[in-house]
Every structure is written in C-alpha cells, then in structure tokens.
$ cat target-v5.cif   # mmCIF, C-alpha atoms and all ligand atoms
data_run
loop_
_atom_site.label_atom_id
_atom_site.label_comp_id
_atom_site.auth_asym_id
_atom_site.auth_seq_id
_atom_site.Cartn_x
_atom_site.Cartn_y
_atom_site.Cartn_z
CA MET H 25 -19.89 -33.76 -5.68
CA ALA H 26 -19.42 -30.36 -7.33
CA ASP H 27 -16.08 -28.61 -6.78
CA ALA H 28 -16.61 -26.14 -3.93
CA GLY H 29 -14.31 -23.56 -5.60
CA LYS H 30 -16.31 -23.76 -8.83
CA ILE H 31 -19.63 -23.23 -7.03
CA LEU H 32 -18.28 -19.92 -5.67
CA ASP H 33 -17.77 -18.75 -9.29
CA ASP H 34 -21.56 -18.70 -9.69
CA ILE H 35 -23.13 -17.88 -6.36
CA SER H 36 -23.12 -14.78 -4.20
CA HIS H 37 -21.04 -15.38 -1.11
CA ARG H 38 -18.94 -13.70 1.58
CA ARG H 39 -15.20 -14.09 1.96
CA PHE H 40 -13.30 -13.66 5.20
CA ASN H 41 -10.29 -11.34 5.56
CA PRO H 42 -8.17 -12.90 8.33
CA LEU H 43 -5.92 -9.81 8.48
CA ARG H 44 -8.73 -7.40 9.31
CA ASN H 45 -11.11 -9.94 10.77
CA SER H 46 -13.76 -8.66 8.34
CA TRP H 47 -15.88 -9.86 5.43
CA VAL H 48 -16.51 -8.92 1.80
CA LEU H 49 -19.60 -9.79 -0.27
CA VAL H 50 -18.78 -11.30 -3.70
CA SER H 51 -21.43 -11.32 -6.46
CA PRO H 52 -19.85 -13.08 -9.47
CA HIS H 53 -23.16 -13.56 -11.30
CA ARG H 54 -23.31 -9.78 -11.83
CA THR H 55 -20.24 -9.84 -14.11
CA LYS H 56 -22.53 -11.46 -16.69
CA ARG H 57 -24.51 -8.18 -16.91
CA PRO H 58 -24.05 -6.49 -20.31
CA TRP H 59 -21.49 -3.70 -20.15
CA GLN H 60 -22.26 -0.60 -22.20
CA GLY H 61 -19.01 1.18 -21.41
CA GLN H 62 -17.07 3.02 -24.05
CA HIS H 63 -13.71 1.77 -25.26
CA GLU H 64 -11.18 4.46 -24.54
CA ALA H 65 -8.08 5.24 -26.54
CA PRO H 66 -4.81 4.77 -24.62
CA SER H 67 -3.99 7.92 -22.69
CA LYS H 68 -0.54 9.07 -23.71
CA SER H 69 1.62 10.82 -21.15
CA THR H 70 2.22 14.40 -22.19
CA LEU H 71 4.08 15.45 -19.07
CA PRO H 72 7.47 17.14 -19.49
CA GLU H 73 10.63 15.83 -17.78
CA TYR H 74 10.81 19.08 -15.85
CA ASP H 75 7.97 21.46 -14.94
CA ALA H 76 8.91 24.96 -13.75
CA GLY H 77 5.58 25.18 -11.88
CA CYS H 78 6.03 21.90 -9.94
CA TYR H 79 6.96 22.25 -6.26
CA LEU H 80 8.62 18.81 -6.30
CA CYS H 81 10.93 19.23 -9.31
CA PRO H 82 14.67 19.79 -8.54
CA GLY H 83 15.67 23.41 -7.93
CA ASN H 84 12.08 24.69 -7.65
CA ALA H 85 10.63 26.69 -4.74
CA ARG H 86 8.08 25.01 -2.48
CA ALA H 87 4.92 26.53 -1.00
CA ALA H 88 6.50 27.49 2.33
CA GLY H 89 9.43 29.23 0.64
CA ASP H 90 12.18 26.56 0.80
CA SER H 91 13.79 25.48 -2.44
CA ASN H 92 14.47 21.90 -3.48
CA PRO H 93 18.11 21.02 -4.11
CA LYS H 94 19.05 19.82 -7.60
CA TYR H 95 18.63 16.23 -6.44
CA GLN H 96 19.76 13.33 -8.65
CA SER H 97 18.05 10.34 -7.05
CA THR H 98 15.44 10.36 -4.26
CA PHE H 99 14.79 13.47 -2.18
CA VAL H 100 13.07 13.62 1.22
CA PHE H 101 11.73 16.70 3.03
CA VAL H 102 9.29 17.44 5.84
CA ASN H 103 5.84 18.16 4.37
CA ASP H 104 5.05 21.87 4.40
CA TYR H 105 1.45 20.96 5.28
CA SER H 106 1.95 18.05 7.72
CA ALA H 107 -1.12 16.33 9.18
CA VAL H 108 0.74 15.86 12.47
CA LYS H 109 3.40 18.00 14.13
CA GLU H 110 6.25 17.46 16.59
CA GLU H 111 5.61 20.67 18.49
CA GLN H 112 2.16 21.27 19.91
CA GLN H 113 0.41 21.94 23.18
CA ASP H 114 0.18 18.99 25.59
CA TYR H 115 -3.24 17.45 26.11
CA THR H 116 -4.42 15.29 28.98
CA ALA H 117 -7.97 14.08 29.17
CA GLU H 118 -9.88 15.53 32.10
CA VAL H 119 -10.25 13.14 35.00
CA GLY H 120 -13.37 12.91 37.08
CA GLY H 121 -16.75 14.00 35.83
CA ASP H 122 -19.27 11.71 34.22
CA GLU H 123 -17.77 8.29 33.37
CA LYS H 124 -20.13 7.69 30.47
CA SER H 125 -19.48 10.98 28.75
CA SER H 126 -15.70 10.62 29.20
CA PHE H 127 -16.02 7.26 27.46
CA LEU H 128 -18.23 8.65 24.72
CA LEU H 129 -16.09 11.70 24.02
CA GLN H 130 -12.54 10.34 24.05
CA ALA H 131 -9.47 11.92 22.47
CA GLU H 132 -5.73 11.50 22.63
CA ALA H 133 -2.95 13.76 21.36
CA VAL H 134 -0.90 12.59 18.37
CA LYS H 135 2.53 14.00 17.60
CA GLY H 136 4.47 13.14 14.50
CA ILE H 137 6.29 14.10 11.34
CA CYS H 138 5.13 13.85 7.73
CA PHE H 139 7.80 13.46 5.09
CA VAL H 140 7.45 13.71 1.33
CA ILE H 141 9.72 11.49 -0.74
CA CYS H 142 10.31 12.43 -4.37
CA PHE H 143 10.96 9.13 -6.13
CA ASN H 144 13.23 10.64 -8.78
CA PRO H 145 14.08 14.04 -10.32
CA LYS H 146 12.09 13.47 -13.52
CA HIS H 147 8.58 14.90 -13.38
CA ASN H 148 7.15 12.32 -15.80
CA LEU H 149 8.62 8.99 -14.59
CA THR H 150 6.33 6.88 -12.39
CA LEU H 151 7.31 3.63 -10.66
CA ALA H 152 6.13 1.82 -13.81
CA ASP H 153 8.63 3.78 -15.91
CA LEU H 154 11.64 3.58 -13.60
CA PRO H 155 14.48 1.08 -14.07
CA SER H 156 15.10 -1.34 -11.20
CA PRO H 157 18.15 0.52 -9.72
CA SER H 158 15.98 3.64 -9.27
CA ILE H 159 13.30 1.63 -7.45
CA ILE H 160 16.04 0.10 -5.29
CA SER H 161 17.09 3.67 -4.28
CA ILE H 162 13.50 4.36 -3.19
CA ILE H 163 13.40 1.17 -1.06
CA GLN H 164 16.77 2.12 0.45
CA THR H 165 15.44 5.59 1.31
CA TRP H 166 12.34 4.08 2.97
CA THR H 167 14.67 1.80 4.96
CA THR H 168 16.96 4.66 6.00
CA ILE H 169 14.06 6.73 7.31
CA TYR H 170 12.57 3.76 9.16
CA ARG H 171 15.92 2.91 10.79
CA SER H 172 16.51 6.49 11.93
CA HIS H 173 13.18 6.50 13.79
CA LEU H 174 13.70 3.22 15.68
CA PRO H 175 14.52 3.38 19.40
CA PRO H 176 18.33 3.66 19.79
CA THR H 177 18.29 0.31 21.63
CA ASN H 178 17.00 -1.47 18.51
CA PRO H 179 19.88 -3.25 16.68
CA HIS H 180 18.64 -1.79 13.36
CA TYR H 181 18.73 1.81 14.63
CA LEU H 182 20.90 4.10 12.51
CA PRO H 183 20.62 7.91 12.48
CA ALA H 184 20.10 9.37 9.01
CA PRO H 185 22.46 12.20 8.08
CA ASN H 186 20.03 14.31 6.04
CA THR H 187 16.84 14.08 8.06
CA PRO H 188 15.96 15.90 11.28
CA THR H 189 16.55 13.93 14.50
CA PRO H 190 13.15 12.93 15.92
CA THR H 191 12.28 14.71 19.16
CA SER H 192 9.94 11.94 20.40
CA GLN H 193 10.03 8.16 20.25
CA TYR H 194 7.45 7.39 17.64
CA SER H 195 5.27 4.35 17.69
CA TYR H 196 4.58 3.77 14.04
CA MET H 197 5.69 4.75 10.53
CA GLN H 198 3.34 4.53 7.56
CA ILE H 199 5.07 4.59 4.18
CA PHE H 200 2.65 5.07 1.28
CA GLU H 201 2.04 6.43 -2.20
CA ASN H 202 -1.14 8.05 -3.45
CA LYS H 203 -1.02 8.07 -7.23
CA GLY H 204 -3.38 9.82 -9.62
CA VAL H 205 -6.13 12.40 -9.47
CA ALA H 206 -8.65 9.57 -8.80
CA MET H 207 -6.87 9.06 -5.46
CA GLY H 208 -6.82 12.75 -4.62
CA CYS H 209 -3.21 13.29 -5.63
CA SER H 210 -2.94 16.67 -7.28
CA ASN H 211 0.74 16.66 -8.26
CA PRO H 212 1.78 14.14 -10.97
CA HIS H 213 5.47 14.33 -9.96
CA PRO H 214 6.18 10.76 -8.71
CA HIS H 215 6.33 10.94 -4.94
CA GLY H 216 5.26 9.14 -1.82
CA GLN H 217 4.69 10.05 1.79
CA ILE H 218 5.95 8.86 5.15
CA TRP H 219 3.90 9.66 8.24
CA THR H 220 5.30 8.77 11.61
CA THR H 221 3.18 9.06 14.76
CA THR H 222 3.27 8.60 18.52
CA THR H 223 0.22 6.33 18.20
CA LEU H 224 -0.38 3.02 16.40
CA PRO H 225 -3.07 3.67 13.74
CA GLU H 226 -6.17 1.56 13.16
CA GLU H 227 -5.26 -0.63 10.16
CA PRO H 228 -1.86 -1.86 11.35
CA SER H 229 -3.25 -2.22 14.86
CA LEU H 230 -6.10 -4.42 13.61
CA GLU H 231 -3.75 -6.55 11.50
CA LEU H 232 -1.21 -6.97 14.30
CA LEU H 233 -3.91 -8.15 16.65
CA SER H 234 -5.14 -10.73 14.11
CA MET H 235 -1.61 -11.92 13.38
CA SER H 236 -0.73 -12.16 17.02
CA THR H 237 -3.92 -14.10 17.84
CA TYR H 238 -3.24 -16.46 14.91
CA ARG H 239 0.35 -17.03 16.09
CA LYS H 240 -0.82 -17.94 19.58
CA LYS H 241 -3.44 -20.36 18.25
CA HIS H 242 -1.43 -22.08 15.48
CA ASN H 243 2.14 -21.37 16.55
CA SER H 244 2.89 -20.07 13.03
CA CYS H 245 2.72 -16.84 11.01
CA LEU H 246 -0.60 -15.98 9.34
CA LEU H 247 1.03 -14.47 6.24
CA CYS H 248 3.68 -17.23 5.91
CA ASP H 249 0.80 -19.71 5.92
CA TYR H 250 -1.08 -17.56 3.40
CA VAL H 251 1.99 -17.51 1.09
CA SER H 252 2.10 -21.35 1.26
CA THR H 253 -1.63 -21.67 0.56
CA GLU H 254 -1.56 -19.31 -2.44
CA THR H 255 1.62 -20.92 -3.82
CA GLU H 256 -0.08 -24.31 -3.65
CA LYS H 257 -3.46 -23.22 -5.12
CA ARG H 258 -1.97 -20.96 -7.84
CA GLU H 259 -5.34 -19.31 -8.57
CA ARG H 260 -4.72 -15.73 -7.50
CA ILE H 261 -1.02 -15.20 -8.32
CA VAL H 262 -0.23 -12.12 -10.44
CA PHE H 263 3.55 -12.30 -10.27
CA GLU H 264 6.22 -14.05 -8.24
CA ASN H 265 9.98 -14.29 -8.04
CA ALA H 266 12.18 -16.29 -5.67
CA LEU H 267 11.54 -13.98 -2.70
CA TRP H 268 8.20 -12.18 -3.32
CA LEU H 269 4.64 -13.20 -4.12
CA ALA H 270 1.97 -10.86 -5.56
CA VAL H 271 -1.63 -12.05 -5.37
CA VAL H 272 -5.11 -10.62 -5.72
CA PRO H 273 -6.00 -11.69 -2.19
CA TRP H 274 -8.91 -14.06 -1.53
CA TRP H 275 -10.62 -11.23 0.37
CA ALA H 276 -9.82 -8.33 -2.03
CA ILE H 277 -12.29 -5.44 -1.95
CA TRP H 278 -10.95 -3.33 -4.83
CA PRO H 279 -11.36 -4.99 -8.27
CA PHE H 280 -7.61 -5.24 -8.99
CA GLU H 281 -6.27 -5.05 -5.45
CA ILE H 282 -2.87 -6.69 -4.90
CA LEU H 283 -1.15 -7.99 -1.78
CA LEU H 284 2.63 -8.25 -2.18
CA LEU H 285 4.25 -10.53 0.38
CA SER H 286 7.84 -11.38 1.21
CA LYS H 287 8.26 -15.16 0.96
CA PRO H 288 10.76 -15.35 3.83
CA CYS H 289 9.26 -14.11 7.10
CA LYS H 290 10.65 -10.57 7.56
CA ALA H 291 9.23 -8.17 10.13
CA CYS H 292 10.53 -4.90 8.65
CA LEU H 293 12.54 -3.28 5.84
CA PRO H 294 15.96 -3.35 7.62
CA GLN H 295 15.73 -7.16 7.75
CA LEU H 296 15.77 -7.36 3.93
CA GLY H 297 19.04 -8.49 2.37
CA GLU H 298 20.35 -7.22 -0.96
CA SER H 299 18.58 -9.90 -3.03
CA GLU H 300 15.31 -9.28 -1.18
CA VAL H 301 15.53 -5.55 -1.93
CA SER H 302 16.18 -6.16 -5.64
CA GLY H 303 13.39 -8.77 -5.68
CA LEU H 304 11.02 -6.21 -4.15
CA ALA H 305 12.04 -3.61 -6.77
CA GLU H 306 11.29 -6.16 -9.52
CA ALA H 307 7.90 -7.00 -7.99
CA ILE H 308 6.91 -3.30 -7.66
CA SER H 309 7.97 -2.72 -11.26
CA GLN H 310 5.99 -5.75 -12.47
CA ILE H 311 2.84 -4.76 -10.60
CA THR H 312 2.85 -1.11 -11.67
CA LYS H 313 3.62 -1.94 -15.33
CA ARG H 314 0.79 -4.50 -15.44
CA TYR H 315 -1.55 -1.95 -13.85
CA ASP H 316 -0.67 0.63 -16.54
CA ASN H 317 -1.12 -1.95 -19.29
CA LEU H 318 -4.52 -3.10 -17.97
CA PHE H 319 -6.50 -0.06 -19.11
CA GLU H 320 -3.67 1.64 -21.06
CA THR H 321 -3.53 4.52 -18.67
CA SER H 322 -1.30 5.77 -15.87
CA PHE H 323 -3.06 3.59 -13.30
CA PRO H 324 -4.10 5.29 -10.06
CA TYR H 325 -3.74 3.56 -6.69
CA SER H 326 -2.91 3.91 -3.03
CA MET H 327 -0.03 1.68 -2.08
CA GLY H 328 1.63 1.22 1.30
CA ILE H 329 3.90 -0.91 3.44
CA HIS H 330 2.82 -2.71 6.59
CA GLN H 331 5.68 -3.76 8.84
CA ALA H 332 6.58 -3.91 12.55
CA PRO H 333 5.80 -0.76 14.56
CA LEU H 334 8.86 1.36 15.41
CA ASP H 335 8.44 0.68 19.13
CA ALA H 336 7.26 -2.93 18.61
CA THR H 337 7.10 -5.25 21.60
CA GLU H 338 8.71 -8.68 21.21
CA GLU H 339 5.25 -10.10 20.60
CA GLN H 340 4.50 -7.53 17.87
CA LYS H 341 7.86 -8.19 16.20
CA LEU H 342 7.08 -11.90 16.10
CA ALA H 343 3.59 -11.25 14.74
CA SER H 344 4.74 -8.87 11.95
CA HIS H 345 5.30 -10.01 8.38
CA LEU H 346 6.33 -7.30 5.91
CA HIS H 347 3.85 -6.79 3.07
CA LEU H 348 2.57 -4.13 0.67
CA HIS H 349 -1.04 -3.38 -0.20
CA PHE H 350 -2.02 -1.91 -3.57
CA TYR H 351 -5.54 -0.48 -3.57
CA PRO H 352 -6.48 0.72 -7.10
CA PRO H 353 -9.95 2.18 -7.68
CA LEU H 354 -10.41 1.41 -11.40
CA LEU H 355 -13.08 -1.12 -12.37
CA ARG H 356 -13.71 -1.35 -16.10
CA SER H 357 -11.66 1.29 -17.91
CA ALA H 358 -9.36 4.26 -17.41
CA THR H 359 -12.33 6.35 -16.25
CA VAL H 360 -14.85 3.89 -14.78
CA ARG H 361 -14.00 3.40 -11.13
CA LYS H 362 -15.45 1.57 -8.20
CA PHE H 363 -16.90 3.61 -5.34
CA LEU H 364 -17.36 2.36 -1.83
CA VAL H 365 -20.89 3.68 -1.36
CA GLY H 366 -24.38 2.62 -0.33
CA TYR H 367 -24.36 -1.00 0.83
CA GLU H 368 -20.59 -0.83 1.30
CA MET H 369 -20.79 2.14 3.68
CA LEU H 370 -23.81 0.86 5.50
CA ALA H 371 -23.41 -2.93 5.44
CA GLU H 372 -20.16 -4.37 4.04
CA PRO H 373 -17.87 -4.05 0.99
CA GLN H 374 -18.98 -5.83 -2.18
CA ARG H 375 -17.32 -6.83 -5.46
CA ASP H 376 -18.51 -8.37 -8.73
CA ILE H 377 -15.45 -9.66 -10.61
CA THR H 378 -13.86 -12.39 -8.47
CA PRO H 379 -10.27 -12.09 -7.24
CA GLU H 380 -9.48 -15.16 -9.41
CA GLN H 381 -10.79 -13.42 -12.56
CA ALA H 382 -8.84 -10.26 -11.71
CA ALA H 383 -5.65 -12.30 -11.16
CA VAL H 384 -6.05 -14.07 -14.53
CA ARG H 385 -6.27 -10.68 -16.30
CA LEU H 386 -3.31 -9.14 -14.47
CA ARG H 387 -1.20 -12.29 -14.89
CA ALA H 388 -1.82 -12.35 -18.67
CA LEU H 389 -0.68 -8.75 -19.18
CA SER H 390 2.82 -7.79 -20.20
CA GLY H 391 5.00 -6.88 -17.27
CA VAL H 392 7.88 -6.24 -19.63
CA ARG H 393 7.15 -2.82 -20.97
CA CYS H 394 4.85 -0.01 -20.18
CA TYR H 395 2.10 0.92 -22.66
CA ARG H 396 3.44 4.45 -22.88
CA GLN H 397 6.82 3.27 -24.07
CA ALA H 398 5.02 1.23 -26.71
CA LEU H 399 3.28 4.27 -28.14
ZN ZN H 401 7.89 17.87 -10.87
ZN ZN H 402 5.61 -14.67 8.28
ZN ZN H 403 -1.51 -5.06 5.85
#
$ encode --input "target-v5.cif" --output "structure tokens"
Amino acid sequence: MADAGKILDDISHRRFNPLRNSWVLVSPHRTKRPWQGQHEAPSKSTLPEYDAGCYLCPGNARAAGDSNPKYQSTFVFVNDYSAVKEEQQDYTAEVGGDEKSSFLLQAEAVKGICFVICFNPKHNLTLADLPSPSIISIIQTWTTIYRSHLPPTNPHYLPAPNTPTPTSQYSYMQIFENKGVAMGCSNPHPHGQIWTTTTLPEEPSLELLSMSTYRKKHNSCLLCDYVSTETEKRERIVFENALWLAVVPWWAIWPFEILLLSKPCKACLPQLGESEVSGLAEAISQITKRYDNLFETSFPYSMGIHQAPLDATEEQKLASHLHLHFYPPLLRSATVRKFLVGYEMLAEPQRDITPEQAAVRLRALSGVRCYRQAL
C-alpha cells in the first residue's frame, strides 16, 4: 500500500485547521509549473541608525506634537491614531422594533487603547538584527503591559509604572508586529503594536472555542497534542530548542507561515520563566533571520501572540496555550507575493508549495547570521 503522506505530495487535497475549524486547499502538482521569475540581487539595507524625519526615533517629535524621550531600550506610547479609544459616547442597541432587522443590523461598542512599542532606539535594526538580550527586553515589555491590564484579582496583575492606568477592565490584548511595506507598514523603524479591547476579537475567540471543545472531548490540550505530533513526525519543523517549537503548520495558508509554540503548556506571557523567555527570544531570532535569508531581503510579515484573554474564565485559561503566528506574504522572491484573491475570497484559501516543502527550505537556511551582515 502506498504511503498516505507521499500520496498527498502529488494530489490536490484539503487540510483541516483544528484551531480555526477551517480548511485549506493544497495543490502540490502546481509547483511543477515552470517558473519564469527573475532572480533578484540581495536588497541591502541602506537605512541610517537615526532618521531625523522618523516619528519613532528617540528625541523626535510625533504627529500629535509629543516628543519621544531619548530611550535606550524599548519605548511604549499610546498610538496618536488609535483604532479604539477609552473615552467615547455610550451605545446601547435599541430594544423593541423588528426582531429580524435588529438581528441583521447588530453592533456593539468597543472601547480600548492602542499602544505602539518601539523595539529599540536604532532605526535600522529589525528583530533579525537584534541580539538576544534586546529581544528579551521586548518580551519583558509585552509581559509588563499584559500584566498591568489584568483584573487586579488575577495573581499575575502588576501595575506598570510608565503606562496609563486603564479606565475599563479590558477583555483582550492583541500584541502584534506588521513588518514591511508589503504588509502596509509605512515606517521602517522596528516597532510593534498592542491593541487592548473590551471585546474578544474573532480569531482568538474562534481558537479558544476550538481548544475548549477539544479539551472537553479528549481531556487534553489541542496545542500540547500538536507539539507531540509534530515532534514525532519531524516533517514540518523549522527550528526547535528545549522549550519552543517552530513549525510550518499542517494547515498553513501563507507559503512560509510559521506557528511558534511553547513546549510546556503556558496560558500567557507572565507564566513564562526566565529560561522560557530566553528560549522565546532565540526562537524569534532564528525565525526572523531565516526569513531574511530566504529571499535575501528584509522579509515582511505580520506576527502576533495568542494567549489567554485578560478577563479569561477558568475554562478559557485551561483552554489557552501561548503561541505566536507568523504570516509572511512572500511566495517566490523578494517581490513576488501571494495574494488571497479569487477562489480564496470566494471559496477557500489555497496553496501550491506544501508546508513540508516550505519547512525543508526554512530549516536548511542559516539561522546564524543575517544576509545583510554578510554583505
Ligand atoms: Zn526611526
Ligand atoms: Zn497546551
Ligand atoms: Zn492562534
């Protein structure tokens, strides 16, 4: 009998994403199509260490008039153009009226705060360029902000000295980084964002539901079981250390998508010990360096952390397993990207190169030095 895994290398098929309860169409036979793409020369970084026109560099003025301090490590401030605000008019849906139209035209108010986190003072150093201690500072800043927004009854709650005290109890905090013009990020200064809201957004809500349902059915954690399965199969691993595992997930949509999982079951950042934080810094460094080396360019991506909601119920805490998603758009070179269009908008996402092929390429790359340092 033919090996079932090998058959999937040749036939079109769908793969199930147990986190989102969704499917992706995989068409490996299409990777055999001839590729006419140009070979591009490595793009060398020409950014200065400091840019007088950058609103994120130390000492510079920002759009709304405030000036950045001459920060030495990470620096956090409330976004001058936040997507959600703490102060706004109250809104209550009208009661009565037509039941169908109130169902069809639903809305709820969302309050929140959007922070910007500058990863480091140097305008030209991305996560791939930073030494481990600098990445550890970023993880510690993420943790500090998360802790300061927990309910005061949570044992991990700790007010942060340099950030405003929240005026509401927020439900969820999304920590993320949008890197590169391809991802709509206009400022190259290495920075991330932290949005905290009174509502639980769609993606984490969907994942929590799947994880909670899985826990009830199997009496175990979906992502712990996934770590065991991937560790045993060893077909999609990009990088691992004692405490973290990076894989191109079985159900990846983006060509070089990565799921970074903590090996021990941790619900949120404050549960990470010192060695877990340094292991996470190493894993982030390894992933971003390999990404840069793949097409010899400063690799664009959206990356973010999924962890327990701030106001998690006991059930949600049990269901949560800290992980990071890396969603990079590039497909074949520094300029040829994948678009989610056509069939993907109207039917379901589709990919050509298999997650196993993508993992082989990323695994083989140097995670030791960045291509730009080699130039
Ligand atoms: Zn800058
Ligand atoms: Zn787990
Ligand atoms: Zn997730």
$ residues_near_ligand --input "target-v5.cif" --ligand "ligand ZN 403 (chain H)" --cutoff "10 Å" --atoms "all atoms listed in the file" --output "PyMOL selection string"
chain H and resi 43-44+227-232+247+283-285+328-331+344-350
$ closest_residue --input "target-v5.cif" --among "H:Leu151, H:Ala276, H:Gly89, H:Asn45" --to "Tyr238 of chain H" --atoms "all atoms listed in the file"
H:Asn45
$ residues_near_ligand --input "target-v5.cif" --ligand "ligand ZN 401 (chain H)" --cutoff "7 Å" --atoms "all atoms listed in the file" --output "PyMOL selection string"
chain H and resi 74-75+78-81+146-147+213
$ residues_around --input "target-v5.cif" --residues "Lys257 of chain H" --least-positions-apart "5" --cutoff "12 Å" --atoms "only C-alpha atoms" --output "number ranges by chain"
H: 29, 250-252, 271, 274, 380
$ closest_atom_pairs --input "target-v5.cif" --of "segment 78-140 of chain H" --to "segment 176-197 of chain H" --cutoff "12 Å" --atoms "all atoms listed in the file" --output "tab-separated table"
residue	atom	partner	partner_atom	distance
H:Thr98	CA	H:Asn186	CA	11.9
H:Phe99	CA	H:Asn186	CA	9.8
H:Val100	CA	H:Thr187	CA	7.8
H:Phe101	CA	H:Thr187	CA	7.6
H:Val102	CA	H:Thr187	CA	8.6
H:Val108	CA	H:Tyr194	CA	12.0
H:Lys109	CA	H:Thr191	CA	10.7
H:Glu110	CA	H:Thr191	CA	7.1
H:Glu111	CA	H:Thr191	CA	9.0
H:Val134	CA	H:Tyr194	CA	9.9
H:Lys135	CA	H:Ser192	CA	8.2
H:Gly136	CA	H:Tyr194	CA	7.2
H:Ile137	CA	H:Pro190	CA	8.3
H:Cys138	CA	H:Met197	CA	9.5
H:Phe139	CA	H:Thr187	CA	9.5
H:Val140	CA	H:Thr187	CA	11.6
$ residues_near_ligand --input "target-v5.cif" --ligand "ligand ZN 402 (chain H)" --cutoff "8 Å" --atoms "all atoms listed in the file" --output "number ranges by chain"
H: 244-249, 287-291, 343-346
$ closest_residue --input "target-v5.cif" --among "H:Tyr115, H:Tyr105, H:Phe263, H:Tyr170" --to "Pro294 of chain H" --atoms "all atoms listed in the file"
H:Tyr170
$ atom_distance --input "target-v5.cif" --atom1 "atom CA of Pro373 of chain H" --atom2 "atom CA of Asp33 of chain H"
17.9 Å
$ residues_near_point --input "target-v5.cif" --point "(-10.8, -15.1, -9.6)" --cutoff "12 Å" --atoms "all atoms listed in the file" --output "PyMOL selection string"
chain H and resi 29-30+32-34+50-52+55+257-262+271-276+279-281+375-387
$ build_atoms --input "target-v5.cif" --residues "segment 218-225 of chain H" --atoms "all heavy atoms" --output "JSON list (two decimals), in the coordinates of the input"
[["chain", "number", "residue", "atom", "x", "y", "z"],
["H", 218, "ILE", "N", 5.57, 9.65, 3.98],
["H", 218, "ILE", "CA", 5.95, 8.86, 5.15],
["H", 218, "ILE", "C", 5.43, 9.61, 6.37],
["H", 218, "ILE", "O", 5.89, 10.72, 6.64],
["H", 218, "ILE", "CB", 7.49, 8.69, 5.22],
["H", 218, "ILE", "CG1", 8.03, 7.99, 3.96],
["H", 218, "ILE", "CG2", 7.88, 7.92, 6.49],
["H", 218, "ILE", "CD1", 9.54, 8.01, 3.83],
["H", 219, "TRP", "N", 4.45, 9.03, 7.03],
["H", 219, "TRP", "CA", 3.90, 9.66, 8.24],
["H", 219, "TRP", "C", 4.33, 8.84, 9.43],
["H", 219, "TRP", "O", 4.12, 7.62, 9.46],
["H", 219, "TRP", "CB", 2.37, 9.71, 8.20],
["H", 219, "TRP", "CG", 1.78, 10.62, 7.17],
["H", 219, "TRP", "CD1", 2.41, 11.16, 6.07],
["H", 219, "TRP", "CD2", 0.42, 11.10, 7.13],
["H", 219, "TRP", "NE1", 1.52, 11.93, 5.35],
["H", 219, "TRP", "CE2", 0.30, 11.92, 5.98],
["H", 219, "TRP", "CE3", -0.70, 10.92, 7.94],
["H", 219, "TRP", "CZ2", -0.90, 12.54, 5.62],
["H", 219, "TRP", "CZ3", -1.89, 11.54, 7.59],
["H", 219, "TRP", "CH2", -1.98, 12.35, 6.44],
["H", 220, "THR", "N", 4.90, 9.50, 10.42],
["H", 220, "THR", "CA", 5.30, 8.77, 11.61],
["H", 220, "THR", "C", 4.60, 9.41, 12.81],
["H", 220, "THR", "O", 4.50, 10.62, 12.91],
["H", 220, "THR", "CB", 6.84, 8.74, 11.73],
["H", 220, "THR", "OG1", 7.20, 8.07, 12.91],
["H", 220, "THR", "CG2", 7.47, 10.11, 11.71],
["H", 221, "THR", "N", 4.05, 8.56, 13.69],
["H", 221, "THR", "CA", 3.18, 9.06, 14.76],
["H", 221, "THR", "C", 3.49, 8.43, 16.12],
["H", 221, "THR", "O", 4.04, 7.33, 16.18],
["H", 221, "THR", "CB", 1.70, 8.75, 14.44],
["H", 221, "THR", "OG1", 1.60, 7.36, 14.09],
["H", 221, "THR", "CG2", 1.17, 9.59, 13.30],
["H", 222, "THR", "N", 3.10, 9.13, 17.16],
["H", 222, "THR", "CA", 3.27, 8.60, 18.52],
["H", 222, "THR", "C", 2.23, 7.53, 18.84],
["H", 222, "THR", "O", 2.30, 6.89, 19.89],
["H", 222, "THR", "CB", 3.15, 9.74, 19.56],
["H", 222, "THR", "OG1", 2.00, 10.52, 19.23],
["H", 222, "THR", "CG2", 4.39, 10.61, 19.58],
["H", 223, "THR", "N", 1.26, 7.35, 17.95],
["H", 223, "THR", "CA", 0.22, 6.33, 18.20],
["H", 223, "THR", "C", 0.25, 5.28, 17.09],
["H", 223, "THR", "O", 0.74, 5.54, 16.00],
["H", 223, "THR", "CB", -1.17, 6.99, 18.21],
["H", 223, "THR", "OG1", -1.27, 7.84, 17.06],
["H", 223, "THR", "CG2", -1.40, 7.79, 19.46],
["H", 224, "LEU", "N", -0.28, 4.10, 17.39],
["H", 224, "LEU", "CA", -0.38, 3.02, 16.40],
["H", 224, "LEU", "C", -1.75, 3.15, 15.73],
["H", 224, "LEU", "O", -2.78, 3.00, 16.37],
["H", 224, "LEU", "CB", -0.25, 1.66, 17.11],
["H", 224, "LEU", "CG", -0.36, 0.40, 16.25],
["H", 224, "LEU", "CD1", 0.72, 0.35, 15.19],
["H", 224, "LEU", "CD2", -0.28, -0.84, 17.14],
["H", 225, "PRO", "N", -1.77, 3.44, 14.40],
["H", 225, "PRO", "CA", -3.07, 3.67, 13.74],
["H", 225, "PRO", "C", -3.93, 2.41, 13.61],
["H", 225, "PRO", "O", -3.45, 1.30, 13.85],
["H", 225, "PRO", "CB", -2.68, 4.21, 12.36],
["H", 225, "PRO", "CG", -1.22, 4.48, 12.42],
["H", 225, "PRO", "CD", -0.65, 3.63, 13.50]]
